[in-house]
Amino acid sequence: MILPWLILIPFIGGLLCWLAGYMGHALPRYVALVTMGLVTVLSFWLWATGDFQLGAVGAVPAWTHEFQVGWIERFGITFHLAIDGLSLVMIILSGLLGILAVGCSWSEVTDRIGLFHLNLMWIIGGVMGVFLAIDLFLFFFFWEVMLVPMFLLVALWGHHSDEGGSPAKAAIKFFIYTQASGLLMLLSILGLAFAHYYQTGVFTFDYQALLDSPIGGTLGMVLMLGFFIAFAVKLPVVPLHGWLPGTHAQAPTAGSVDLAGILLKTAAYGMLRFALPLFPEQSALFAPVAMALGLIGIYYGAVLAFPQTDIKRLVACSSISHMGFVLIAIYSGSTLALQGAVVLMVAHAFSAAGLFIISGQLYERLHTRDMRQMGGLFGRTGALPGFALVFVMASLGIPGTGNFIGEFLVLFGAFEESPWVVVIASGGLVLAAVYSLVLMLRVYYGAPKSKTALPGLGVRETSMLALLVVALLITGFFPQLVLNLSLQSMTEVTQWFLNPSLLQ
Amino acid sequence: MNLTLTHLFALLPLIIVGITVVVVMLSVACRRNHFLNATLSGCGLILALLSVFWVQCSDHGSQLPTLVSPMVAVDSYSLFYIGLILVAALACIVFAYAYFDRLKVHREEFYLLLLCSTLGAMVLVSAVHMASLFIGLELMSVPLYGMAAYIFKRQQSLEAGIKYLVLSAVASSFLLFGMALLFAAYGELGFAELGLKLVSVDYLDTWTIIGVGMMVIGLAFKLSVAPFHMWTSDVYEGAPAPVSAFLATVSKVAVFAVLVRFFILAPTFSVKLHTVIAVLAVLSMLTGNLLALRSHNIKRLLGYSSIAHLGYLLTAVVVLRSGVSDGAGELSESGQLVLEATGVYLVGYVLTSLGTFGVVALATHADSANRDTSELRGLAQRRPVLAVCMAFMLLSLAGIPLTAGFIGKFYVLALTVNGELWWLAASVIVGSAIGLYYYLRTIVELFLPTDDATVTAANGRGQALGALVVVIAAALTLWIGIFPEPIITMVNSALPVGL
């Protein structure tokens, strides 16, 4: 019974925020904070009490908790939620970043505060649904539901870019990309359900049932591509990344934090949970293409990041590069690499969130995101550059941070099967160092543009950044915490990937 | 044949609306009072709606389907669509009251026209014969000319009326010619009789295909399916907003319902014909959405979007190629899917169209000529409830989950997957992606701050009631979006005669 509450609390909290918006300016913020706190506490409680190292690895996925009620009987659609280690990692992450998203908009957002927090809460609610749903219709439902508040967040509270683009345009682009690819996924889901129906005479969208009747041949390949494209847009994989830099650059800080920290991860989660297990044979066939796309992403993202002048655009493009590693890991078919991908996802969520929050704080002080107008900020803004250095180092994968563990495991795990891919991908690490250090150099070092000191970090800002640094170090020094949680789910994925025949 | 009490009972909804027409006419003759006549019309429609439930649920209901004459069949299919039409007409009356209340024209006759047109739509969905199809269609269309041109002092409105008159007449002549060709070939005018003849021949001659084709063209004009959509945007824009709402809902539902019934009773398994319909569907989806991209007038935009939506819906007719029965006289799986898709999609479409046009009718000046989307700018500040409803309705038109529009789109995609019509599926997706752009643009407009202080919130009975109707429509859209099961069950029980 606890699973639906993980989804309901943000939705109800969002409505309360909206109502609170009519009563006072500060009230919605506190309501939102309490809501996110509740969700986080609940997810940690799940971690503490649940057993996520389920023993036997077989063809049947093992869930720690399950919840199922009937919904649309005509098509055998049920409201089916379940949680295992992978989902739990993602849910804890969403809760933590949700708190940060509320925190970082504390002084940034000043108008329509209630409505803003409604959208923020509903994004989290939708994301929770995505991570918990194991009925394909329900999954798609939440997949789309989380888009609408994200769209409104960017469109209504976004910043105008320096090139004169309006936030509404960026938001619409984001929405069209994801919605059109989402419809492709819906088509694939329908294809899967109808194929199952003609095989067995039963309409169902249930993950477990569909897992048991894999589809072979060309049809399976086409359906798999439908899923892959939907996830590839969100991850993003290179030819489909067009929405990302603009949306990030123009989103409010909280939007960027959610987008980079959680929404990108829904795509990787979708691949791990659905695209691979549902189409094991086709995925194995498709793996070389996916890995090549991952390689392109690593390099293209890095090259794209380097010349950016907008600090948020730079961070956004670096996400493309990082997600390239995740994509390679997902299609490598090695448990170790998959485990690395999970750690990398968690660590990247923290480091990217940190960089976006710092960009937001710089914007509040300087009213620009243009790096050409920054420079020499070390010493002018209190502890801020120090924190920035930590996140930049994390982003380039310095040992001691989770990013290092993640990238190391990915490369180490994938080496056995596809050594050349790993060799080429390793080159991307050098480029990561280049653009990360360039960011540091342009913004914080060099000749100061002005002598006046800018306001230092407040208590709220310091505690947010400190929380992120601690989280990064914990994933860096105790990655076993995450690895233990996700081991069982990742082993399952590898099993399906390597032995699709196990299922028949 | 004899007309027995059972027949009259089955016709009760039509009779009640007919009586209402007479009562309102007399009342207008006695005393010109806007509120009184609007209320009378509304009460008549409510009574008719109640009688629909009565006919459906009473003991006599077990005798359904009733073939009242060779021309009119009252079955659960027609009752379902009559109910939908009555709800839409009722909402239009409320919007019309709010809209005309601010105008100084003769307002009372409008309700007379609206009732007549509704009656025509009700005949149309019960038609099982070419003659009743034609009578119903004309009874529905002729009052619409007057309604579209009702504010004849405004040139745009007059132009809209005349445009609709001319093109509608052309469409009717196409329809008549098609019927004549079919009659010449088979000597039958009843749908079912024609169907028997069509099934017995194993090769359709060219004249039959041309005949059915011309009928489809005639009906496509009324449905404003591309490339017969030219009139839509001008008429929607020029006509008073409640009339646009009526056009978008009542007339579309009635014509589509009869089109589906015709293809069920008289299935033409001609691949050629259904390829033509598939092409029409694809054209409508793309043309409607592309034209809407460039239009900044909210009524034009909604008009274009309705073209696209009819395109999505035409998928159902394409799938009808394989028939709806499985050979043993039972409903086949794909046939059931077609009927469900049509019903569920139309319900969602009617609710959202009523909502959007309702907001336009309530929130904009009745006498201003141009209705840019910018006029809706900042609606969230002036009238937050209407703005939220409007945004939600636009999301439903875009087919986002949590709305009835999504369930409809889900059905359409299910149809294409089940029928393996991949080109149609692709164009549904492309169409939706294009469509998103202008729906989202409009939503953003609603929430943008405005400094236009001249537009003040209008007050009054009509406005409050109109807002209530919009809110109810939005609530139903949400309800169906989350719990579609009841509406699916309802549509499932609404089977047409002959199955």
# chains A, B, ... in the order shown; residues from 1 in each chain; ligands from 1

$ interface_residues --of "chain A" --to "chain B" --cutoff "6 Å" --atoms "only C-alpha atoms" --output "VMD selection string"
chain A and resid 72 141 176 180

$ select_by_dssp --residues "range 40-105 of chain B" --states "strand (DSSP E or B)" --output "mmCIF file with N, CA and C atoms, in the first residue's frame"
data_model
loop_
_atom_site.group_PDB
_atom_site.id
_atom_site.type_symbol
_atom_site.label_atom_id
_atom_site.label_comp_id
_atom_site.auth_asym_id
_atom_site.auth_seq_id
_atom_site.Cartn_x
_atom_site.Cartn_y
_atom_site.Cartn_z
ATOM 1 N N THR B 66 -36.047 -0.817 -32.593
ATOM 2 C CA THR B 66 -37.346 -0.683 -33.223
ATOM 3 C C THR B 66 -37.177 -0.025 -34.576
ATOM 4 N N LEU B 67 -37.646 -0.704 -35.586
ATOM 5 C CA LEU B 67 -37.654 -0.100 -36.907
ATOM 6 C C LEU B 67 -38.978 0.643 -37.026
ATOM 7 N N VAL B 72 -36.526 4.933 -40.475
ATOM 8 C CA VAL B 72 -35.944 5.368 -39.205
ATOM 9 C C VAL B 72 -35.860 4.189 -38.252
ATOM 10 N N ALA B 73 -34.685 3.947 -37.713
ATOM 11 C CA ALA B 73 -34.519 2.886 -36.734
ATOM 12 C C ALA B 73 -34.096 3.507 -35.413
ATOM 13 N N VAL B 74 -34.814 3.145 -34.355
ATOM 14 C CA VAL B 74 -34.389 3.596 -33.034
ATOM 15 C C VAL B 74 -33.749 2.403 -32.344
#

$ residues_around --residues "Asp111 in chain A" --least-positions-apart "5" --cutoff "9 Å" --atoms "only C-alpha atoms" --output "tab-separated table (two decimals) with C-alpha atoms, in the first residue's frame"
chain	number	residue	atom	x	y	z
A	25	HIS	CA	4.19	33.87	-0.55
A	116	PHE	CA	5.20	26.94	-9.83
A	157	TRP	CA	9.16	30.56	-15.54

$ residues_around --residues "range 207-209 of chain A" --least-positions-apart "4" --cutoff "12 Å" --atoms "only C-alpha atoms" --output "PyMOL selection string"
chain A and resi 59-63+76-82+132-139+189+192-193+196-197+199-200+202-203+213-214+273-275+277-278+503

$ closest_residue --among "A:Ala155, A:Leu467, A:Leu97, A:Val482" --to "Gly340 in chain A" --atoms "only C-alpha atoms"
A:Val482

$ residues_around --residues "range 217-227 of chain B" --least-positions-apart "4" --cutoff "7 Å" --atoms "only C-alpha atoms" --output "list in words"
Ala171, Ser172, Phe174, Leu175, Gly213, Thr232, Lys252, Val255, Leu280, Leu283, Ser284, Thr287, Ile307, Leu310 and Gly311 of chain B

$ atom_distance --atom1 "CA of Ala127 in chain B" --atom2 "CA of Val258 in chain B"
7.0 Å

$ residues_around --residues "Phe228 in chain A" --least-positions-apart "2" --cutoff "12 Å" --atoms "only C-alpha atoms" --output "PyMOL selection string"
chain A and resi 181-182+184-186+188-189+221-226+230-237+240+267-276+278-279+282-283+286-287+289-290+293+327+330-331

$ atom_distance --atom1 "CA of Pro245 in chain A" --atom2 "CA of Cys317 in chain A"
6.2 Å

$ closest_residue --among "B:Val271, B:Ile82, B:Leu397, B:Cys389" --to "Val471 in chain B" --atoms "only C-alpha atoms"
B:Cys389

$ closest_residue --among "B:Ala149, B:Ala239, B:Met214, B:Val17" --to "Ala89 in chain B" --atoms "only C-alpha atoms"
B:Val17

$ residues_around --residues "Lys197 in chain B" --least-positions-apart "3" --cutoff "10 Å" --atoms "only C-alpha atoms" --output "number ranges by chain"
B: 185-188, 192-194, 200-202, 266

$ select_by_dssp --residues "range 28-115 of chain A" --states "helix (DSSP H, G or I)" --output "PyMOL selection string"
chain A and resi 28-49+73-75+85-104+113-115

$ decode --residues "range 329-350 of chain B" --atoms "N, CA, C and O atoms" --output "compact mmCIF listing (two decimals), in the first residue's frame"
# COMPACT_ATOMS: atom_id res chain seq x y z
N GLY B 329 -22.74 -13.49 -37.98
CA GLY B 329 -23.69 -12.50 -37.51
C GLY B 329 -23.32 -11.89 -36.18
O GLY B 329 -24.03 -11.06 -35.65
N GLU B 330 -22.20 -12.32 -35.63
CA GLU B 330 -21.73 -11.75 -34.36
C GLU B 330 -20.73 -10.64 -34.66
O GLU B 330 -20.11 -10.61 -35.71
N LEU B 331 -20.59 -9.77 -33.67
CA LEU B 331 -19.66 -8.68 -33.83
C LEU B 331 -18.23 -9.21 -33.75
O LEU B 331 -17.87 -9.92 -32.82
N SER B 332 -17.42 -8.88 -34.75
CA SER B 332 -16.04 -9.35 -34.72
C SER B 332 -15.21 -8.45 -33.81
O SER B 332 -15.62 -7.36 -33.43
N GLU B 333 -13.99 -8.93 -33.51
CA GLU B 333 -13.11 -8.16 -32.61
C GLU B 333 -12.80 -6.79 -33.18
O GLU B 333 -12.91 -5.78 -32.52
N SER B 334 -12.46 -6.77 -34.49
CA SER B 334 -12.10 -5.48 -35.07
C SER B 334 -13.33 -4.59 -35.21
O SER B 334 -13.24 -3.38 -35.08
N GLY B 335 -14.50 -5.23 -35.48
CA GLY B 335 -15.72 -4.45 -35.57
C GLY B 335 -16.04 -3.76 -34.25
O GLY B 335 -16.41 -2.59 -34.21
N GLN B 336 -15.86 -4.51 -33.18
CA GLN B 336 -16.13 -3.94 -31.86
C GLN B 336 -15.17 -2.77 -31.59
O GLN B 336 -15.57 -1.74 -31.07
N LEU B 337 -13.92 -2.97 -32.01
CA LEU B 337 -12.94 -1.91 -31.79
C LEU B 337 -13.33 -0.65 -32.56
O LEU B 337 -13.19 0.46 -32.06
N VAL B 338 -13.85 -0.84 -33.79
CA VAL B 338 -14.25 0.31 -34.60
C VAL B 338 -15.37 1.08 -33.90
O VAL B 338 -15.31 2.30 -33.74
N LEU B 339 -16.40 0.34 -33.46
CA LEU B 339 -17.55 1.01 -32.83
C LEU B 339 -17.12 1.71 -31.55
O LEU B 339 -17.52 2.83 -31.28
N GLU B 340 -16.27 1.03 -30.77
CA GLU B 340 -15.79 1.65 -29.53
C GLU B 340 -14.98 2.91 -29.84
O GLU B 340 -15.18 3.94 -29.21
N ALA B 341 -14.08 2.77 -30.81
CA ALA B 341 -13.22 3.92 -31.13
C ALA B 341 -14.07 5.10 -31.55
O ALA B 341 -13.87 6.22 -31.07
N THR B 342 -15.06 4.85 -32.44
CA THR B 342 -15.91 5.94 -32.90
C THR B 342 -16.61 6.60 -31.72
O THR B 342 -16.58 7.82 -31.56
N GLY B 343 -17.25 5.78 -30.88
CA GLY B 343 -18.02 6.33 -29.78
C GLY B 343 -17.15 7.08 -28.80
O GLY B 343 -17.43 8.23 -28.45
N VAL B 344 -16.08 6.44 -28.36
CA VAL B 344 -15.24 7.06 -27.33
C VAL B 344 -14.59 8.32 -27.88
O VAL B 344 -14.55 9.35 -27.21
N TYR B 345 -14.11 8.25 -29.13
CA TYR B 345 -13.45 9.43 -29.69
C TYR B 345 -14.45 10.58 -29.81
O TYR B 345 -14.14 11.72 -29.47
N LEU B 346 -15.66 10.26 -30.31
CA LEU B 346 -16.64 11.34 -30.50
C LEU B 346 -17.04 11.96 -29.17
O LEU B 346 -17.19 13.17 -29.07
N VAL B 347 -17.20 11.13 -28.13
CA VAL B 347 -17.55 11.69 -26.82
C VAL B 347 -16.47 12.66 -26.37
O VAL B 347 -16.74 13.79 -25.97
N GLY B 348 -15.21 12.21 -26.46
CA GLY B 348 -14.11 13.07 -26.04
C GLY B 348 -14.05 14.34 -26.88
O GLY B 348 -13.89 15.44 -26.36
N TYR B 349 -14.25 14.16 -28.19
CA TYR B 349 -14.16 15.31 -29.10
C TYR B 349 -15.27 16.32 -28.81
O TYR B 349 -15.03 17.53 -28.79
N VAL B 350 -16.48 15.81 -28.58
CA VAL B 350 -17.60 16.72 -28.31
C VAL B 350 -17.35 17.49 -27.02
O VAL B 350 -17.50 18.71 -26.96
